[in-house]
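Below is target-v4.txt, which holds compact mmCIF, C-alpha atoms.
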# COMPACT_ATOMS: atom_id res chain seq x y z
CA MET A 1214 -4.26 -66.39 -28.83
CA VAL A 1215 -6.13 -64.20 -26.34
CA THR A 1216 -7.15 -66.16 -23.24
CA LEU A 1217 -9.60 -65.30 -20.48
CA ASP A 1218 -6.73 -64.90 -18.03
CA SER A 1219 -4.84 -62.51 -20.30
CA SER A 1220 -7.99 -60.42 -20.79
CA ARG A 1221 -8.48 -60.25 -17.04
CA ARG A 1222 -4.85 -59.21 -16.54
CA ALA A 1223 -5.23 -56.46 -19.14
CA LEU A 1224 -8.44 -55.24 -17.51
CA ARG A 1225 -6.76 -55.19 -14.10
CA SER A 1226 -3.88 -53.11 -15.55
CA VAL A 1227 -6.30 -50.58 -17.03
CA LEU A 1228 -8.23 -50.35 -13.76
CA ALA A 1229 -5.02 -49.93 -11.79
CA ALA A 1230 -3.94 -47.09 -14.08
CA LEU A 1231 -7.32 -45.39 -13.66
CA VAL A 1232 -7.06 -45.69 -9.88
CA LEU A 1233 -3.63 -44.10 -9.95
CA LEU A 1234 -4.90 -41.23 -12.10
CA LEU A 1235 -7.91 -40.64 -9.87
CA THR A 1236 -5.80 -40.84 -6.74
CA GLY A 1237 -3.40 -38.27 -8.16
CA ALA A 1238 -6.25 -35.94 -9.05
CA LEU A 1239 -7.80 -36.27 -5.60
CA LEU A 1240 -4.48 -35.61 -3.92
CA ALA A 1241 -3.74 -32.60 -6.14
CA ALA A 1242 -7.11 -30.89 -5.70
CA PRO A 1243 -6.99 -30.50 -1.91
CA THR A 1244 -3.47 -29.14 -2.20
CA ALA A 1245 -4.66 -26.27 -4.41
CA SER A 1246 -7.65 -25.49 -2.19
CA ALA A 1247 -5.47 -25.71 0.88
CA ARG A 1248 -3.17 -23.13 -0.64
CA ALA A 1249 -6.13 -20.84 -1.26
CA ARG A 1250 -7.36 -21.30 2.32
CA THR A 1251 -3.86 -20.63 3.64
CA ALA A 1252 -3.63 -17.39 1.65
CA GLU A 1253 -7.01 -16.24 2.94
CA ALA A 1254 -6.12 -17.11 6.52
CA ALA A 1255 -2.80 -15.26 6.20
CA VAL A 1256 -4.51 -11.98 5.30
CA PRO A 1257 -7.69 -11.44 7.31
CA ALA A 1258 -9.94 -8.68 6.06
CA ALA A 1259 -9.35 -5.09 7.19
CA THR A 1260 -6.32 -6.05 9.29
CA LEU A 1261 -2.69 -5.19 8.63
CA THR A 1262 -0.99 -8.58 8.26
CA GLU A 1263 2.60 -9.65 7.72
CA VAL A 1264 3.16 -12.13 4.88
CA THR A 1265 6.28 -14.30 4.78
CA GLY A 1266 7.67 -16.51 2.05
CA PHE A 1267 6.31 -14.26 -0.68
CA GLY A 1268 9.14 -14.88 -3.16
CA THR A 1269 12.63 -13.70 -4.05
CA ASN A 1270 13.74 -11.22 -1.40
CA PRO A 1271 17.49 -10.52 -1.61
CA SER A 1272 17.54 -7.73 1.01
CA ASN A 1273 15.29 -9.40 3.62
CA LEU A 1274 12.42 -6.93 3.44
CA GLN A 1275 9.27 -7.56 5.43
CA MET A 1276 5.92 -7.55 3.64
CA TYR A 1277 2.74 -6.22 5.22
CA VAL A 1278 -0.60 -6.32 3.40
CA TYR A 1279 -3.92 -4.61 3.96
CA VAL A 1280 -6.95 -6.10 2.20
CA PRO A 1281 -10.24 -4.24 2.81
CA ALA A 1282 -13.38 -6.14 3.70
CA ASN A 1283 -14.96 -4.94 0.45
CA VAL A 1284 -12.00 -5.76 -1.80
CA THR A 1285 -13.13 -5.63 -5.41
CA ALA A 1286 -12.82 -8.34 -8.02
CA ARG A 1287 -9.45 -7.93 -9.78
CA PRO A 1288 -8.42 -5.16 -7.38
CA ALA A 1289 -5.85 -2.46 -8.01
CA VAL A 1290 -2.65 -2.65 -5.95
CA LEU A 1291 -0.95 0.23 -4.13
CA VAL A 1292 2.62 -0.05 -2.80
CA ALA A 1293 3.02 2.43 0.09
CA VAL A 1294 6.70 2.93 0.97
CA HIS A 1295 7.87 4.29 4.32
CA TRP A 1296 10.46 6.93 5.24
CA CYS A 1297 13.95 6.46 6.73
CA GLY A 1298 13.58 5.16 10.26
CA GLY A 1299 10.01 4.10 9.57
CA SER A 1300 8.37 0.76 8.90
CA GLY A 1301 5.47 -0.78 7.04
CA PRO A 1302 3.22 -0.61 10.12
CA ALA A 1303 4.24 3.03 10.71
CA MET A 1304 3.31 3.89 7.11
CA TYR A 1305 0.00 2.11 7.66
CA SER A 1306 -0.88 3.99 10.84
CA GLY A 1307 0.62 7.34 9.77
CA THR A 1308 -1.30 7.71 6.51
CA GLU A 1309 -4.94 7.32 5.47
CA TYR A 1310 -4.43 4.93 2.55
CA SER A 1311 -6.11 2.03 4.37
CA GLN A 1312 -9.26 4.11 4.91
CA LEU A 1313 -9.25 4.96 1.22
CA ALA A 1314 -8.82 1.27 0.42
CA ASP A 1315 -11.89 0.58 2.57
CA ARG A 1316 -13.77 3.05 0.40
CA HIS A 1317 -12.49 1.99 -3.01
CA GLY A 1318 -11.61 -1.68 -2.64
CA PHE A 1319 -7.90 -1.79 -3.59
CA VAL A 1320 -5.14 -3.81 -1.87
CA ILE A 1321 -2.16 -2.14 -0.19
CA ILE A 1322 1.37 -3.49 0.21
CA TYR A 1323 3.53 -1.90 2.92
CA PRO A 1324 7.18 -2.97 2.43
CA SER A 1325 9.32 -2.69 5.56
CA VAL A 1326 13.12 -2.38 5.73
CA THR A 1327 15.03 -4.59 8.18
CA ARG A 1328 18.55 -3.12 7.73
CA SER A 1329 19.71 -0.99 10.65
CA SER A 1330 19.19 2.38 8.95
CA LYS A 1331 15.56 1.54 8.13
CA CYS A 1332 16.19 3.34 4.81
CA PHE A 1333 15.46 1.85 1.40
CA ASP A 1334 18.33 1.11 -0.97
CA VAL A 1335 18.06 3.71 -3.72
CA SER A 1336 21.80 4.05 -4.32
CA SER A 1337 23.45 0.71 -5.12
CA PRO A 1338 24.04 -0.47 -8.70
CA GLN A 1339 21.84 -3.48 -7.91
CA ALA A 1340 18.89 -1.31 -6.90
CA LEU A 1341 19.15 0.90 -9.98
CA ARG A 1342 18.80 -1.93 -12.48
CA ARG A 1343 15.74 -4.01 -13.31
CA GLY A 1344 16.11 -7.39 -11.65
CA GLY A 1345 19.49 -6.36 -10.30
CA GLY A 1346 18.76 -7.31 -6.71
CA SER A 1347 18.20 -5.48 -3.42
CA ASP A 1348 14.92 -3.86 -2.38
CA PRO A 1349 13.20 -3.41 -5.77
CA VAL A 1350 13.33 -7.15 -6.45
CA GLY A 1351 11.74 -7.94 -3.10
CA ILE A 1352 8.98 -5.38 -3.67
CA LYS A 1353 8.31 -6.83 -7.12
CA SER A 1354 7.91 -10.26 -5.47
CA MET A 1355 5.35 -8.76 -3.09
CA ILE A 1356 3.36 -7.43 -6.03
CA ASP A 1357 3.48 -10.83 -7.73
CA TRP A 1358 2.23 -12.50 -4.55
CA VAL A 1359 -0.75 -10.15 -4.29
CA ALA A 1360 -1.49 -10.45 -8.01
CA THR A 1361 -1.62 -14.23 -7.74
CA THR A 1362 -3.46 -14.42 -4.42
CA TYR A 1363 -6.14 -11.86 -5.24
CA SER A 1364 -6.24 -12.02 -9.05
CA ALA A 1365 -5.23 -8.36 -9.03
CA ASP A 1366 -5.47 -6.13 -12.09
CA THR A 1367 -1.81 -5.91 -13.12
CA SER A 1368 -2.56 -2.88 -15.29
CA ARG A 1369 -3.45 -0.93 -12.11
CA VAL A 1370 -0.38 -1.16 -9.86
CA TYR A 1371 0.81 2.07 -8.21
CA ALA A 1372 3.52 3.25 -5.82
CA THR A 1373 3.72 6.11 -3.36
CA GLY A 1374 6.27 6.98 -0.71
CA ILE A 1375 7.59 9.58 1.70
CA SER A 1376 11.27 10.68 1.83
CA SER A 1377 13.25 7.44 1.46
CA GLY A 1378 9.98 5.92 0.23
CA ALA A 1379 9.64 8.74 -2.30
CA MET A 1380 13.12 8.00 -3.60
CA MET A 1381 12.17 4.31 -3.82
CA THR A 1382 9.01 5.29 -5.71
CA ASN A 1383 11.24 6.95 -8.32
CA VAL A 1384 13.43 3.84 -8.42
CA LEU A 1385 10.52 1.40 -8.75
CA LEU A 1386 9.02 3.33 -11.66
CA GLY A 1387 12.42 3.41 -13.35
CA ASP A 1388 13.23 -0.26 -12.83
CA TYR A 1389 9.76 -1.60 -13.59
CA PRO A 1390 7.96 0.69 -16.06
CA ASP A 1391 5.95 -2.31 -17.26
CA VAL A 1392 4.65 -2.99 -13.74
CA PHE A 1393 3.62 0.45 -12.45
CA ALA A 1394 0.93 2.65 -13.98
CA ALA A 1395 1.81 5.71 -11.87
CA GLY A 1396 3.64 6.92 -8.79
CA ALA A 1397 3.46 9.72 -6.22
CA ALA A 1398 6.64 10.87 -4.46
CA PHE A 1399 6.60 13.09 -1.34
CA SER A 1400 9.96 14.82 -0.71
CA GLY A 1401 12.11 12.68 -2.97
CA VAL A 1402 14.91 12.91 -5.52
CA PRO A 1403 15.21 11.81 -9.15
CA PHE A 1404 15.95 8.22 -10.13
CA GLY A 1405 19.73 7.70 -9.99
CA CYS A 1406 20.47 10.91 -8.10
CA PHE A 1407 21.49 9.00 -4.95
CA ALA A 1408 23.69 6.53 -6.86
CA THR A 1409 26.88 5.44 -5.09
CA THR A 1410 29.46 2.75 -5.76
CA ASP A 1411 31.18 2.58 -2.35
CA GLY A 1412 28.39 0.86 -0.43
CA SER A 1413 27.23 4.08 1.19
CA GLU A 1414 23.51 4.64 1.52
CA TRP A 1415 23.87 8.44 1.50
CA ASN A 1416 24.77 10.85 -1.29
CA SER A 1417 25.39 14.31 0.13
CA ALA A 1418 25.65 16.01 -3.25
CA CYS A 1419 22.20 14.77 -4.21
CA SER A 1420 20.58 15.45 -0.83
CA GLY A 1421 22.06 18.95 -0.92
CA GLY A 1422 20.44 19.65 -4.29
CA THR A 1423 23.72 20.16 -6.15
CA VAL A 1424 23.30 17.33 -8.69
CA ILE A 1425 21.99 19.17 -11.73
CA ARG A 1426 21.52 17.49 -15.10
CA THR A 1427 19.68 18.11 -18.34
CA PRO A 1428 16.28 16.51 -18.89
CA GLN A 1429 17.84 14.16 -21.43
CA GLN A 1430 20.53 13.05 -18.99
CA TRP A 1431 17.99 12.37 -16.27
CA GLY A 1432 15.75 10.54 -18.71
CA ASP A 1433 18.65 8.42 -19.93
CA LEU A 1434 19.29 7.25 -16.36
CA VAL A 1435 15.73 5.93 -16.15
CA ARG A 1436 15.87 4.33 -19.59
CA GLY A 1437 19.18 2.70 -18.71
CA ALA A 1438 17.57 0.78 -15.85
CA TYR A 1439 15.69 -1.38 -18.36
CA PRO A 1440 17.62 -1.26 -21.64
CA GLY A 1441 15.59 -1.98 -24.73
CA TYR A 1442 12.22 -1.31 -23.15
CA THR A 1443 9.96 0.60 -25.54
CA GLY A 1444 6.57 0.27 -23.86
CA PRO A 1445 4.53 2.92 -22.04
CA ARG A 1446 6.03 4.75 -19.05
CA PRO A 1447 4.28 5.48 -15.74
CA ARG A 1448 2.74 8.83 -14.85
CA MET A 1449 4.32 10.68 -11.92
CA GLN A 1450 3.05 13.01 -9.21
CA LEU A 1451 5.70 14.97 -7.28
CA TRP A 1452 5.43 16.83 -3.97
CA HIS A 1453 8.11 19.02 -2.35
CA GLY A 1454 8.42 21.80 0.23
CA THR A 1455 10.47 24.88 -0.59
CA GLU A 1456 12.18 24.77 2.83
CA ASP A 1457 13.16 21.09 2.71
CA ASP A 1458 16.49 20.90 4.59
CA VAL A 1459 17.00 17.12 4.18
CA LEU A 1460 16.47 16.61 0.45
CA ARG A 1461 16.84 20.16 -0.82
CA TYR A 1462 14.24 21.84 -3.01
CA PRO A 1463 16.31 21.82 -6.26
CA ASN A 1464 15.65 18.07 -6.39
CA PHE A 1465 12.01 18.89 -7.12
CA GLY A 1466 12.91 20.67 -10.36
CA GLU A 1467 15.28 17.85 -11.33
CA GLU A 1468 12.50 15.30 -10.83
CA ILE A 1469 10.25 17.34 -13.09
CA LYS A 1470 12.98 17.39 -15.74
CA GLN A 1471 13.41 13.65 -15.47
CA TRP A 1472 9.82 12.50 -15.69
CA THR A 1473 8.72 14.97 -18.35
CA ASN A 1474 11.64 13.72 -20.47
CA VAL A 1475 10.79 10.09 -19.75
CA ARG A 1476 7.21 10.77 -20.81
CA GLY A 1477 8.36 12.66 -23.91
CA ILE A 1478 6.62 15.91 -23.02
CA GLY A 1479 7.82 19.51 -22.75
CA GLN A 1480 9.09 21.44 -19.76
CA THR A 1481 6.38 24.11 -20.03
CA PRO A 1482 3.33 23.45 -17.85
CA ALA A 1483 0.05 22.79 -19.61
CA ALA A 1484 -1.74 24.14 -16.53
CA THR A 1485 -0.82 25.97 -13.33
CA ASP A 1486 -3.08 26.55 -10.34
CA SER A 1487 -3.16 26.76 -6.54
CA PRO A 1488 -5.45 24.06 -5.14
CA GLN A 1489 -4.68 25.20 -1.60
CA SER A 1490 -3.12 28.29 -0.02
CA GLY A 1491 0.66 28.20 -0.41
CA TRP A 1492 0.54 25.40 -3.01
CA THR A 1493 1.54 25.76 -6.64
CA ARG A 1494 0.48 22.88 -8.85
CA THR A 1495 1.85 22.48 -12.35
CA ARG A 1496 0.71 19.85 -14.83
CA TYR A 1497 2.71 18.72 -17.83
CA GLY A 1498 1.46 17.02 -20.96
CA GLY A 1499 -2.19 17.44 -19.94
CA THR A 1500 -4.52 19.53 -17.80
CA GLY A 1501 -6.71 16.96 -16.06
CA ASP A 1502 -6.43 15.03 -12.81
CA GLN A 1503 -4.41 12.28 -14.55
CA ALA A 1504 -1.87 14.42 -16.38
CA PRO A 1505 1.35 12.60 -17.37
CA VAL A 1506 3.31 14.60 -14.77
CA GLU A 1507 1.89 16.63 -11.90
CA ALA A 1508 4.05 18.63 -9.49
CA ILE A 1509 2.94 20.33 -6.26
CA SER A 1510 5.27 22.85 -4.59
CA LEU A 1511 4.47 23.83 -0.99
CA GLN A 1512 5.71 27.30 -0.05
CA GLY A 1513 7.53 27.55 3.27
CA VAL A 1514 7.11 23.86 4.07
CA GLY A 1515 9.99 21.63 5.19
CA HIS A 1516 10.88 18.00 4.62
CA ASN A 1517 8.00 16.52 6.62
CA LEU A 1518 5.32 17.84 4.34
CA TYR A 1519 2.90 14.91 4.24
CA ALA A 1520 -0.42 15.82 5.87
CA TRP A 1521 -3.87 14.31 6.17
CA GLY A 1522 -5.88 14.77 2.99
CA MET A 1523 -2.94 14.53 0.60
CA ALA A 1524 -3.52 10.82 0.07
CA SER A 1525 -6.93 11.57 -1.41
CA ARG A 1526 -5.21 13.69 -4.06
CA VAL A 1527 -2.85 10.79 -4.75
CA ILE A 1528 -5.78 8.42 -5.20
CA THR A 1529 -7.42 10.90 -7.58
CA PHE A 1530 -4.20 11.18 -9.60
CA PHE A 1531 -4.03 7.40 -9.82
CA GLY A 1532 -7.70 7.24 -10.83
CA LEU A 1533 -8.60 4.86 -8.01
CA ASP A 1534 -11.58 6.96 -6.93
CA SER A 1535 -13.37 7.02 -10.29
CA GLY A 1536 -15.05 4.34 -12.32
CA ASN A 1537 -14.72 1.95 -9.39
CA PRO A 1538 -17.66 2.54 -7.06
CA THR A 1539 -17.56 1.18 -3.55
CA PRO A 1540 -19.27 -2.23 -3.55
CA PRO A 1541 -21.81 -2.94 -0.84
CA PRO A 1542 -20.21 -4.29 2.33
CA PRO A 1543 -20.56 -8.03 2.88
CA THR A 1544 -23.05 -9.32 5.38
CA GLY A 1545 -20.93 -10.53 8.27
CA PRO A 1546 -21.57 -12.00 11.72
CA CYS A 1547 -21.46 -8.57 13.33
CA LYS A 1548 -22.43 -4.95 12.83
CA VAL A 1549 -20.82 -1.84 14.32
CA THR A 1550 -22.54 1.51 14.64
CA VAL A 1551 -20.03 4.27 15.38
CA SER A 1552 -20.23 8.00 16.01
CA THR A 1553 -17.74 10.61 17.18
CA ASN A 1554 -18.04 14.00 18.83
CA GLY A 1555 -14.94 16.10 18.22
CA TRP A 1556 -13.56 19.42 19.39
CA SER A 1557 -10.31 21.32 18.79
CA THR A 1558 -7.84 18.64 19.92
CA GLY A 1559 -10.04 15.89 21.31
CA LEU A 1560 -12.97 13.60 20.64
CA THR A 1561 -15.21 10.96 22.15
CA ALA A 1562 -16.39 7.93 20.22
CA SER A 1563 -19.34 5.62 20.86
CA LEU A 1564 -19.37 2.14 19.29
CA THR A 1565 -22.27 -0.30 19.40
CA LEU A 1566 -21.34 -3.87 18.50
CA THR A 1567 -24.18 -6.21 17.48
CA ASN A 1568 -23.88 -9.97 17.05
CA THR A 1569 -25.72 -10.57 13.77
CA GLY A 1570 -24.66 -14.21 13.62
CA THR A 1571 -26.59 -17.28 14.70
CA THR A 1572 -24.33 -18.43 17.54
CA THR A 1573 -23.40 -16.86 20.87
CA VAL A 1574 -20.05 -15.07 21.07
CA ASN A 1575 -18.18 -15.91 24.26
CA GLY A 1576 -15.34 -13.44 24.55
CA TRP A 1577 -14.86 -10.78 21.89
CA GLN A 1578 -12.12 -8.60 20.48
CA LEU A 1579 -13.09 -5.67 18.26
CA GLY A 1580 -10.33 -4.59 15.88
CA PHE A 1581 -10.13 -1.19 14.18
CA THR A 1582 -7.58 1.38 13.03
CA LEU A 1583 -7.57 4.92 14.38
CA PRO A 1584 -7.01 7.70 11.83
CA ALA A 1585 -3.48 9.15 11.91
CA GLY A 1586 -2.94 11.62 14.72
CA GLN A 1587 -5.50 10.08 17.08
CA THR A 1588 -4.45 8.62 20.47
CA ILE A 1589 -6.84 7.05 22.97
CA THR A 1590 -6.52 8.57 26.44
CA ASN A 1591 -9.19 6.51 28.19
CA GLY A 1592 -12.03 4.16 27.37
CA TRP A 1593 -15.02 2.31 28.83
CA GLY A 1594 -16.67 -1.03 28.27
CA ALA A 1595 -13.42 -2.60 27.03
CA THR A 1596 -9.64 -2.43 27.29
CA TYR A 1597 -7.93 -0.73 24.33
CA THR A 1598 -4.41 -1.67 23.14
CA PRO A 1599 -2.37 -0.03 21.78
CA ALA A 1600 -3.51 3.58 22.16
CA SER A 1601 -3.02 4.47 18.48
CA GLY A 1602 -2.76 2.84 15.07
CA ALA A 1603 -4.29 -0.65 14.82
CA VAL A 1604 -6.28 -0.98 18.08
CA THR A 1605 -7.90 -4.02 19.67
CA ALA A 1606 -10.77 -3.48 22.11
CA THR A 1607 -11.17 -6.53 24.38
CA ASN A 1608 -14.37 -7.20 26.31
CA ALA A 1609 -14.72 -6.41 29.99
CA THR A 1610 -15.51 -9.21 32.45
CA TYR A 1611 -19.19 -8.26 32.53
CA ASN A 1612 -19.96 -7.97 28.78
CA GLY A 1613 -18.00 -10.75 27.10
CA THR A 1614 -21.04 -12.82 26.11
CA LEU A 1615 -23.10 -11.72 23.12
CA ALA A 1616 -26.13 -13.82 22.18
CA PRO A 1617 -27.45 -13.64 18.60
CA ASN A 1618 -28.91 -10.16 17.95
CA ALA A 1619 -27.53 -8.86 21.27
CA SER A 1620 -25.54 -5.62 21.40
CA VAL A 1621 -22.95 -3.95 23.59
CA THR A 1622 -21.99 -0.27 23.58
CA ILE A 1623 -18.44 0.81 24.38
CA GLY A 1624 -16.50 4.00 23.84
CA TYR A 1625 -13.29 5.92 24.21
CA GLN A 1626 -11.86 9.43 24.48
CA ALA A 1627 -8.93 10.42 22.28
CA ASN A 1628 -6.68 13.31 21.34
CA HIS A 1629 -6.26 14.23 17.68
CA THR A 1630 -4.13 16.51 15.53
CA GLY A 1631 -6.83 17.68 13.13
CA ASN A 1632 -8.84 14.64 12.12
CA SER A 1633 -11.64 13.59 14.48
CA ALA A 1634 -13.16 11.00 12.13
CA ALA A 1635 -14.31 7.57 13.26
CA PRO A 1636 -12.51 4.37 12.20
CA GLY A 1637 -13.74 3.12 8.85
CA ALA A 1638 -13.72 -0.66 9.36
CA PHE A 1639 -14.04 -3.17 12.19
CA THR A 1640 -13.42 -6.86 12.81
CA LEU A 1641 -14.95 -9.10 15.46
CA ASN A 1642 -12.48 -11.81 16.51
CA GLY A 1643 -10.75 -11.34 13.14
CA THR A 1644 -13.89 -11.41 10.96
CA ALA A 1645 -15.03 -8.25 9.17
CA CYS A 1646 -18.17 -6.49 10.43
CA THR A 1647 -20.61 -4.33 8.53
CA THR A 1648 -20.50 -0.67 9.57
CA SER A 1649 -23.14 1.99 9.86

What is this structure when it is put down as structure tokens?
Amino acid sequence: MVTLDSSRRALRSVLAALVLLLTGALLAAPTASARARTAEAAVPAATLTEVTGFGTNPSNLQMYVYVPANVTARPAVLVAVHWCGGSGPAMYSGTEYSQLADRHGFVIIYPSVTRSSKCFDVSSPQALRRGGGSDPVGIKSMIDWVATTYSADTSRVYATGISSGAMMTNVLLGDYPDVFAAGAAFSGVPFGCFATTDGSEWNSACSGGTVIRTPQQWGDLVRGAYPGYTGPRPRMQLWHGTEDDVLRYPNFGEEIKQWTNVRGIGQTPAATDSPQSGWTRTRYGGTGDQAPVEAISLQGVGHNLYAWGMASRVITFFGLDSGNPTPPPPTGPCKVTVSTNGWSTGLTASLTLTNTGTTTVNGWQLGFTLPAGQTITNGWGATYTPASGAVTATNATYNGTLAPNASVTIGYQANHTGNSAAPGAFTLNGTACTTS
């Protein structure tokens, strides 16, 4: 028999269960939003930022990320890999990829080696096998972190590198052909060429250009990194100087053998031209800007061949500068108007910072990145630190207060090595500004 008391007890049980469910939902929801807020706070716009705790990282790499203020929805991802003795921040300040990201809206990952040599592991059995361990696994975790945090387009992930970074680019494309759409290697060697089994990071036979194999043998090394994989393979762009005395020029021809074989195309160029004096460009399997394999030989140039302007050709090869127009910049709490006046080895820059917000700014720091090769020699209206790379301009004692719609003009003089352009993006106290 159902009594009034038993009905009340049943009702109380149902209500208690509903309260528990609602409490759980309320507790879970803030946790997810808090994670999103934490991710956003960890990577402020247009600022090189280190990310920790990004996932499996067997070789203790550091991860640096650059997210432009105008990052697109489902952005492409570029992994930019430094040279021996370099670092992620050095790759950031020594190349123009961040300025190109400002223009085209993609995200950049700058892996950074912590081992004493500051060289990437491109030689151990672990590095030359998908999921085997060492640096490639850590870099893959970085990509996964960016893909999750920014809903990145996983069909548009690319890698580029210089010297040790070029060798790692070859390794990444071999280990993870399902992750990378294309790569660009500056002064590198083929996948597997540097292989060692004694723990050494250096392979003198390979660096000396004496490791010669058939296209099939080179291709088999790549295919062996991910046995059983039958999906599409990445495109590859290769750069090498004929006078390279660190990773000798024969490695360039061996890379061409390898990647044409991997792509299943012939060794005879479909097109040959000279896009710049002293350059010979050959394209294999196609004649357009996104040929399956593109190789650029630089006559009389040594190991340190990377120069300003080459990154734009990389971005064109990847296809990141087409079909993805620059979105309008967001309306922020500040606006910066910048102009430069350059001469042979120097320049002056004038920057006007306007507070476009609704509250007064008491104490300001203006962040920006100088193009590679520029070094500030003196400045006015602010203190500038450091003198190159990612610079912070801090207000002087007399101009630290900016009321809404108020402006302050500052400037600096700098040396340059060929590029007198102005910085492409600015932040005010960590928040992105519009630029004109």

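Closest approach to A:Ser1601 among A:Asn1283, A:Thr1473, A:Thr1572, A:Asn1628: A:Asn1628, based on only C-alpha atoms.
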
For A:Gly1268: contacts at 12 Å, only C-alpha atoms, fewer than 2 positions along chain excluded, given as a compact mmCIF listing (two decimals) with C-alpha atoms, in the frame of the given file:
# COMPACT_ATOMS: atom_id res chain seq x y z
CA VAL A 1264 3.16 -12.13 4.88
CA THR A 1265 6.28 -14.30 4.78
CA GLY A 1266 7.67 -16.51 2.05
CA ASN A 1270 13.74 -11.22 -1.40
CA PRO A 1271 17.49 -10.52 -1.61
CA SER A 1272 17.54 -7.73 1.01
CA ASN A 1273 15.29 -9.40 3.62
CA LEU A 1274 12.42 -6.93 3.44
CA GLN A 1275 9.27 -7.56 5.43
CA MET A 1276 5.92 -7.55 3.64
CA VAL A 1350 13.33 -7.15 -6.45
CA GLY A 1351 11.74 -7.94 -3.10
CA ILE A 1352 8.98 -5.38 -3.67
CA LYS A 1353 8.31 -6.83 -7.12
CA SER A 1354 7.91 -10.26 -5.47
CA MET A 1355 5.35 -8.76 -3.09
CA ILE A 1356 3.36 -7.43 -6.03
CA ASP A 1357 3.48 -10.83 -7.73
CA TRP A 1358 2.23 -12.50 -4.55
CA VAL A 1359 -0.75 -10.15 -4.29
CA THR A 1361 -1.62 -14.23 -7.74

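Atom CA of A:Val1402 is found 16.4 Å from atom CA of A:Pro1349.
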
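Take atom CA of A:Leu1386 and atom CA of A:Arg1496: the distance between them is 18.8 Å.
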
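The shell of residues at most 8 Å from A:Met1381, with all atoms listed in the file counted and near chain neighbours (fewer than 5 positions) removed, consists of Val1294, Phe1333, Asp1334, Val1335 and Gly1374 of chain A.
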
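For the pair atom CA of A:Thr1443 and atom CA of A:Ser1337, the separation is 24.5 Å.
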
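If only C-alpha atoms are the atoms counted, then among A:Thr1427, A:Thr1269, A:Ser1413, A:Asn1618 the closest residue to A:Gly1344 is A:Thr1269.
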
Quick one: residues within 8 Å of (-7.9, -7.7, 15.7) (file frame), counting all atoms listed in the file, please, as a PyMOL selection string. chain A and resi 1260+1578-1581+1603-1605+1640-1643
